[in-house]
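Q: Data: final.tsv, TSV, C-alpha atoms.
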chain	number	residue	atom	x	y	z
Q	283	MET	CA	40.83	-29.72	-112.38
Q	284	THR	CA	39.81	-26.17	-111.50
Q	285	THR	CA	36.29	-24.86	-110.94
Q	286	ILE	CA	35.80	-21.12	-111.44
Q	287	ALA	CA	32.71	-19.10	-110.52
Q	288	PHE	CA	32.17	-15.85	-112.41
Q	289	CYS	CA	30.13	-13.64	-110.11
Q	290	ASN	CA	28.82	-10.11	-109.76
Q	291	HIS	CA	25.49	-9.24	-108.19
Q	292	LYS	CA	25.16	-6.38	-110.69
Q	293	GLY	CA	23.92	-7.18	-114.17
Q	294	GLY	CA	25.42	-5.85	-117.36
Q	295	VAL	CA	29.07	-6.22	-116.39
Q	296	GLY	CA	29.97	-8.91	-118.93
Q	297	LYS	CA	29.77	-11.89	-116.60
Q	298	THR	CA	28.05	-14.21	-119.06
Q	299	THR	CA	30.13	-13.04	-122.02
Q	300	SER	CA	33.26	-13.65	-119.94
Q	301	THR	CA	32.20	-17.16	-118.94
Q	302	ALA	CA	31.42	-18.09	-122.53
Q	303	SER	CA	34.48	-16.44	-124.06
Q	304	VAL	CA	36.98	-17.88	-121.59
Q	305	GLY	CA	35.36	-21.29	-121.90
Q	306	VAL	CA	35.55	-21.35	-125.68
Q	307	ALA	CA	39.12	-20.03	-125.66
Q	308	MET	CA	40.18	-22.74	-123.21
Q	309	ALA	CA	38.45	-25.47	-125.22
Q	310	ARG	CA	40.10	-24.38	-128.45
Q	311	GLN	CA	43.46	-24.60	-126.71
Q	312	GLY	CA	42.79	-28.24	-125.89
Q	313	LYS	CA	41.38	-27.93	-122.39
Q	314	ARG	CA	38.30	-29.99	-121.52
Q	315	VAL	CA	35.72	-27.45	-120.35
Q	316	LEU	CA	32.27	-27.63	-118.80
Q	317	LEU	CA	30.14	-24.47	-118.68
Q	318	VAL	CA	27.39	-24.28	-116.05
Q	319	ASP	CA	24.55	-21.78	-116.44
Q	320	LEU	CA	22.98	-20.95	-113.06
Q	321	ASP	CA	21.03	-17.88	-114.21
Q	322	GLY	CA	17.27	-18.04	-114.75
Q	323	GLN	CA	17.65	-15.69	-117.70
Q	324	ALA	CA	19.64	-18.50	-119.38
Q	325	ASN	CA	21.78	-16.06	-121.36
Q	326	LEU	CA	24.80	-18.36	-121.37
Q	327	THR	CA	22.63	-21.18	-122.66
Q	328	GLY	CA	21.22	-18.89	-125.35
Q	329	ILE	CA	24.68	-18.18	-126.74
Q	330	PHE	CA	25.10	-21.82	-127.69
Q	331	LEU	CA	21.58	-23.29	-127.98
Q	332	GLN	CA	18.86	-21.73	-130.08
Q	333	ASP	CA	15.99	-23.85	-128.76
Q	334	ASP	CA	14.57	-23.92	-125.25
Q	335	VAL	CA	15.77	-26.83	-123.14
Q	336	GLU	CA	13.37	-29.10	-121.26
Q	337	VAL	CA	15.87	-30.41	-118.71
Q	338	SER	CA	18.15	-27.91	-117.05
Q	339	ILE	CA	20.35	-27.33	-114.01
Q	340	TYR	CA	17.12	-26.62	-112.12
Q	341	ASP	CA	16.09	-30.27	-112.40
Q	342	SER	CA	19.46	-31.33	-110.98
Q	343	LEU	CA	19.52	-28.86	-108.09
Q	344	VAL	CA	15.89	-29.18	-107.05
Q	345	GLU	CA	14.70	-32.56	-108.33
Q	346	LYS	CA	18.00	-34.47	-108.00
Q	347	ALA	CA	18.10	-35.33	-111.71
Q	348	PRO	CA	21.51	-36.14	-113.24
Q	349	LEU	CA	23.32	-33.14	-114.68
Q	350	PRO	CA	22.14	-32.54	-118.25
Q	351	LEU	CA	25.36	-32.34	-120.27
Q	352	VAL	CA	25.00	-30.84	-123.75
Q	353	HIS	CA	27.96	-31.18	-126.13
Q	354	ILE	CA	28.70	-27.85	-127.83
Q	355	GLU	CA	31.96	-28.43	-129.71
Q	356	ASP	CA	35.26	-30.24	-129.28
Q	357	ASN	CA	36.30	-30.10	-125.60
Q	358	LEU	CA	33.27	-27.98	-124.62
Q	359	ASP	CA	30.08	-29.10	-122.84
Q	360	LEU	CA	27.28	-27.08	-121.25
Q	361	VAL	CA	24.88	-27.61	-118.37
Q	362	PRO	CA	22.00	-25.43	-119.59
Q	363	SER	CA	19.53	-23.28	-117.69
Q	364	ASN	CA	15.96	-22.26	-118.41
Q	365	LEU	CA	13.27	-20.08	-116.87
Q	366	ASN	CA	12.62	-22.67	-114.17
Q	367	MET	CA	15.81	-21.46	-112.48
Q	368	SER	CA	14.00	-18.26	-111.61
Q	369	ALA	CA	12.14	-20.29	-108.97
Q	370	ALA	CA	15.23	-22.08	-107.66
Q	371	GLU	CA	15.88	-19.67	-104.78
Q	372	ALA	CA	12.46	-20.32	-103.27
Q	373	LYS	CA	12.45	-24.03	-103.98
Q	374	MET	CA	15.90	-24.68	-102.53
Q	375	THR	CA	15.26	-22.89	-99.24
Q	376	GLN	CA	13.68	-25.98	-97.68
Q	377	LEU	CA	16.03	-28.58	-99.16
Q	378	PHE	CA	18.52	-30.62	-97.14
Q	379	GLN	CA	22.15	-29.50	-97.61
Q	380	ARG	CA	20.88	-26.83	-99.99
Q	381	GLU	CA	24.20	-24.95	-100.04
Q	382	MET	CA	26.19	-27.98	-101.21
Q	383	ARG	CA	23.97	-29.34	-103.97
Q	384	LEU	CA	26.02	-28.00	-106.87
Q	385	HIS	CA	29.25	-29.17	-105.25
Q	386	THR	CA	27.83	-32.69	-105.00
Q	387	LEU	CA	26.61	-32.68	-108.60
Q	388	LEU	CA	29.89	-31.44	-110.04
Q	389	ALA	CA	31.91	-33.93	-107.99
Q	390	LYS	CA	30.34	-36.69	-110.10
Q	391	VAL	CA	31.60	-35.28	-113.41
Q	392	LYS	CA	34.69	-33.22	-112.61
Q	393	ALA	CA	37.12	-36.00	-113.52
Q	394	ASN	CA	36.03	-35.54	-117.15
Q	395	TYR	CA	37.13	-31.90	-117.31
Q	396	ASP	CA	40.14	-29.65	-116.84
Q	397	TYR	CA	37.98	-26.60	-116.08
Q	398	ILE	CA	34.42	-26.05	-114.92
Q	399	LEU	CA	33.22	-22.46	-115.40
Q	400	ILE	CA	30.08	-21.34	-113.58
Q	401	ASP	CA	27.99	-18.37	-114.68
Q	402	CYS	CA	26.29	-17.10	-111.50
Q	403	PRO	CA	23.00	-15.19	-111.39
Q	404	PRO	CA	23.15	-11.46	-110.59
Q	405	SER	CA	22.31	-11.99	-106.91
Q	406	LEU	CA	23.93	-13.24	-103.73
Q	407	GLY	CA	21.29	-15.80	-102.78
Q	408	ILE	CA	21.37	-19.56	-102.27
Q	409	VAL	CA	22.13	-20.35	-105.93
Q	410	THR	CA	25.23	-18.14	-105.96
Q	411	ILE	CA	26.28	-19.55	-102.57
Q	412	ASN	CA	26.14	-22.99	-104.18
Q	413	ALA	CA	28.54	-21.73	-106.84
Q	414	PHE	CA	30.89	-20.21	-104.24
Q	415	LEU	CA	31.09	-23.45	-102.28
Q	416	ALA	CA	31.60	-25.54	-105.42
Q	417	ALA	CA	34.36	-23.30	-106.81
Q	418	ASP	CA	38.12	-23.31	-106.36
Q	419	GLU	CA	38.34	-19.76	-107.71
Q	420	ILE	CA	35.90	-16.83	-107.57
Q	421	TYR	CA	36.38	-14.23	-110.32
Q	422	VAL	CA	34.54	-10.91	-110.35
Q	423	PRO	CA	34.17	-8.90	-113.58
Q	424	VAL	CA	33.57	-5.22	-112.84
Q	425	ALA	CA	32.35	-2.69	-115.39
Q	426	ALA	CA	34.60	0.34	-115.70
Q	427	GLU	CA	31.59	2.68	-115.86
Q	428	ILE	CA	30.37	1.74	-112.38
Q	429	LEU	CA	32.30	2.39	-109.18
Q	430	PRO	CA	32.27	-1.19	-107.95
Q	431	LEU	CA	33.91	-1.18	-104.54
Q	432	LYS	CA	30.70	-0.99	-102.50
Q	433	GLY	CA	29.30	-3.91	-104.45
Q	434	MET	CA	32.52	-5.84	-103.95
Q	435	MET	CA	32.14	-5.40	-100.21
Q	436	MET	CA	28.73	-7.08	-100.40
Q	437	ILE	CA	30.40	-10.11	-101.97
Q	438	GLU	CA	33.13	-10.01	-99.34
Q	439	ASN	CA	30.50	-10.03	-96.57
Q	440	VAL	CA	28.88	-13.17	-97.99
Q	441	LEU	CA	32.25	-14.87	-98.28
Q	442	GLU	CA	33.10	-13.94	-94.70
Q	443	ASP	CA	30.01	-15.83	-93.51
Q	444	LEU	CA	30.88	-18.81	-95.70
Q	445	ARG	CA	34.34	-19.14	-94.15
Q	446	GLU	CA	32.70	-21.06	-91.32
Q	447	VAL	CA	32.07	-23.77	-93.92
Q	448	LYS	CA	35.04	-23.23	-96.27
Q	449	SER	CA	37.89	-21.47	-94.50
Q	450	ASP	CA	39.93	-20.44	-97.55
Q	451	ILE	CA	37.11	-19.00	-99.67
Q	452	LYS	CA	37.88	-15.58	-101.16
Q	453	ILE	CA	37.77	-13.41	-104.27
Q	454	SER	CA	40.73	-14.75	-106.19
Q	455	GLY	CA	40.44	-12.79	-109.42
Q	456	VAL	CA	39.10	-9.42	-110.56
Q	457	PHE	CA	39.07	-8.01	-114.08
Q	458	VAL	CA	37.72	-4.79	-115.56
Q	459	THR	CA	35.22	-4.92	-118.43
Q	460	ARG	CA	33.72	-2.33	-120.80
Q	461	PHE	CA	36.96	-0.35	-120.55
Q	462	ASP	CA	37.49	2.75	-122.68
Q	463	ALA	CA	40.82	4.51	-122.10
Q	464	ARG	CA	39.36	7.76	-123.48
Q	465	LYS	CA	37.00	8.07	-120.52
Q	466	ASN	CA	38.40	9.42	-117.27
Q	467	ILE	CA	35.79	7.57	-115.21
Q	468	ASN	CA	36.95	4.28	-116.72
Q	469	LYS	CA	40.54	4.97	-115.72
Q	470	SER	CA	39.46	6.07	-112.24
Q	471	VAL	CA	37.43	2.91	-111.67
Q	472	GLU	CA	40.27	0.69	-112.85
Q	473	GLU	CA	42.71	2.51	-110.56
Q	474	ALA	CA	40.35	2.11	-107.59
Q	475	VAL	CA	39.93	-1.60	-108.27
Q	476	ARG	CA	43.68	-2.14	-108.60
Q	477	THR	CA	44.35	-0.23	-105.39
Q	478	GLN	CA	41.83	-2.28	-103.42
Q	479	TYR	CA	42.52	-5.69	-105.00
Q	480	GLU	CA	46.07	-5.32	-106.31
Q	481	ASP	CA	47.11	-8.90	-105.57
Q	482	VAL	CA	44.33	-10.52	-107.59
Q	483	VAL	CA	43.51	-8.05	-110.40
Q	484	PHE	CA	44.29	-9.43	-113.84
Q	485	ASN	CA	46.54	-7.38	-116.10
Q	486	THR	CA	44.09	-7.75	-118.98
Q	487	HIS	CA	41.07	-5.49	-119.14
Q	488	ILE	CA	38.24	-6.11	-121.57
Q	489	ARG	CA	37.85	-3.10	-123.83
Q	490	ASP	CA	34.40	-1.80	-124.69
Q	491	HIS	CA	33.45	-2.89	-128.19
Q	492	VAL	CA	30.16	-3.30	-130.02
Q	493	SER	CA	31.06	-6.84	-131.14
Q	494	LEU	CA	30.92	-8.06	-127.53
Q	495	SER	CA	27.32	-6.86	-127.30
Q	496	GLU	CA	26.36	-8.31	-130.66
Q	497	ALA	CA	28.06	-11.70	-130.38
Q	498	PRO	CA	25.64	-13.36	-127.89
Q	499	GLY	CA	22.79	-13.00	-130.39
Q	500	SER	CA	24.78	-14.54	-133.22
Q	501	GLY	CA	24.55	-18.16	-132.11
Q	502	GLY	CA	28.16	-18.45	-131.05
Q	503	SER	CA	31.03	-16.94	-129.12
Q	504	ILE	CA	32.99	-13.76	-129.81
Q	505	PHE	CA	35.59	-15.91	-131.58
Q	506	ASP	CA	33.03	-17.05	-134.16
Q	507	TYR	CA	31.46	-13.62	-134.53
Q	508	ASP	CA	34.57	-11.42	-134.70
Q	509	GLY	CA	37.59	-13.60	-134.14
Q	510	LYS	CA	40.14	-10.95	-135.08
Q	511	GLY	CA	38.53	-8.05	-133.22
Q	512	ARG	CA	39.75	-6.53	-130.00
Q	513	GLY	CA	37.05	-8.26	-127.95
Q	514	ALA	CA	38.40	-11.65	-129.01
Q	515	GLN	CA	41.98	-10.46	-128.50
Q	516	ASP	CA	41.22	-9.32	-124.95
Q	517	TYR	CA	39.50	-12.54	-123.99
Q	518	LEU	CA	42.36	-14.59	-125.40
Q	519	ALA	CA	44.75	-12.56	-123.27
Q	520	LEU	CA	42.56	-12.98	-120.18
Q	521	THR	CA	42.28	-16.71	-120.79
Q	522	GLN	CA	46.04	-17.00	-121.03
Q	523	GLU	CA	46.40	-15.25	-117.68
Q	524	ILE	CA	43.84	-17.59	-116.12
Q	525	LEU	CA	45.62	-20.65	-117.50
Q	526	GLU	CA	48.92	-19.38	-116.10
Q	527	ARG	CA	47.41	-18.77	-112.67
Q	528	THR	CA	45.70	-22.12	-112.42
Q	529	LYS	CA	48.18	-24.50	-114.03
Take the structure in this file and express it as structure tokens.

A:
Amino acid sequence: MTTIAFCNHKGGVGKTTSTASVGVAMARQGKRVLLVDLDGQANLTGIFLQDDVEVSIYDSLVEKAPLPLVHIEDNLDLVPSNLNMSAAEAKMTQLFQREMRLHTLLAKVKANYDYILIDCPPSLGIVTINAFLAADEIYVPVAAEILPLKGMMMIENVLEDLREVKSDIKISGVFVTRFDARKNINKSVEEAVRTQYEDVVFNTHIRDHVSLSEAPGSGGSIFDYDGKGRGAQDYLALTQEILERTK
């Protein structure tokens, strides 16, 4: 069983779309997958559930409720989020073993899954630290329009502090999103990322395509919205790389 945290403290880089797309692709290849939405905006939850949820990951992290597991489709479950998670940072500050709460919760269910994929909030606070300490792998999607190396160093600094608790913690995967080969800045950003993180950068980059922006509002994943488009093709290729790395 492998737990993967998808993290970037910048918004708009495709983190939620990547979590959902990889999760669905894995599930449809027969892997048992649990998606965990840690973001107060609940965008991952909104891809799969049209109604607001009353019980969310907030209740588990803060109130010690059992994880709310929502069945989405064959081999795919979701721990949903809601707006309550926006208050989680403040609420968790005073809690005992606050950094390990997600790890403890997932330990109770991980035997039921092959992969647990965590969608982190766009911050590097206590909620994201919970994800880092619960994860076996930390993957960072970086948008090709934004020079990301300074932001990556912020993540590295947090991980350096966490090595006192978990000695082997590190960024173990990086992939470029919103890539357009016609734009020189896109190629420059990808080259900079590959130079800095050559050992862990995935070969697949996610090309910029309108379907990836439209799919989250359609009530399903990119594979339901535009299953033959290049967005779906890219996420299938990325998923295959992840499966190869983690088998």

Q: Nearest residue to Ile488 in chain Q out of Q:Gln522, Q:Thr386, Q:Gln515, Q:Gln311, using only C-alpha atoms?

A: Q:Gln515

Q: Tell me, as a count of residues only, which residues lie within 12 Å of Ala497 in chain Q, counting only C-alpha atoms; anything in the same chain fewer than 6 positions away does not count.

A: 22

Q: Using all atoms listed in the file, which of the listed residues (Q:Arg476, Q:Tyr397, Q:Leu441, Q:Ala370) sits closest to Ile453 in chain Q?

A: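 Using all atoms listed in the file, the shortest distance to Ile453 in chain Q belongs to Q:Leu441.
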
Q: Extract, using all atoms listed in the file, all DNA, RNA and protein residues at most 12 Å from Val447 in chain Q, discarding same-chain residues fewer than 6 positions from it, and format them as a PDB file with C-alpha atoms, keeping the file's coordinate frame.

A:
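And here's part16.pdb as it stands now:
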ATOM      1  CA  GLU Q 381      24.200 -24.950-100.040  1.00  0.00           C
ATOM      2  CA  MET Q 382      26.190 -27.980-101.210  1.00  0.00           C
ATOM      3  CA  ILE Q 411      26.280 -19.550-102.570  1.00  0.00           C
ATOM      4  CA  ASN Q 412      26.140 -22.990-104.180  1.00  0.00           C
ATOM      5  CA  PHE Q 414      30.890 -20.210-104.240  1.00  0.00           C
ATOM      6  CA  LEU Q 415      31.090 -23.450-102.280  1.00  0.00           C
ATOM      7  CA  ALA Q 416      31.600 -25.540-105.420  1.00  0.00           C
ATOM      8  CA  VAL Q 440      28.880 -13.170 -97.990  1.00  0.00           C
ATOM      9  CA  LEU Q 441      32.250 -14.870 -98.280  1.00  0.00           C
TER      10      LEU Q 441
END

Q: Find, counting all atoms listed in the file, the residue in Q:Ala369, Q:Ala417, Q:Val422, Q:Ala474 that gets nearest to Lys448 in chain Q.

A: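 That would be Q:Ala417, the residue with the smallest distance to Lys448 in chain Q.
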
Q: Could you jot down the CA of Val458 in chain Q to CA of Glu355 in chain Q separation for me, Å, one decimal place?

A: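 One can read the CA of Val458 in chain Q to CA of Glu355 in chain Q distance as 28.1 Å.
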
Q: One decimal, in Å: what's the spacing between CA of Val304 in chain Q and CA of Tyr340 in chain Q?

A: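 Computing the Euclidean distance for CA of Val304 in chain Q and CA of Tyr340 in chain Q yields 23.7 Å.
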
Q: Check the smallest atom-to-atom distance from each of Q:Glu496, Q:Thr284, Q:Leu331, Q:Met367 to Ala389 in chain Q using all atoms listed in the file, then report the winner.

A: Q:Thr284
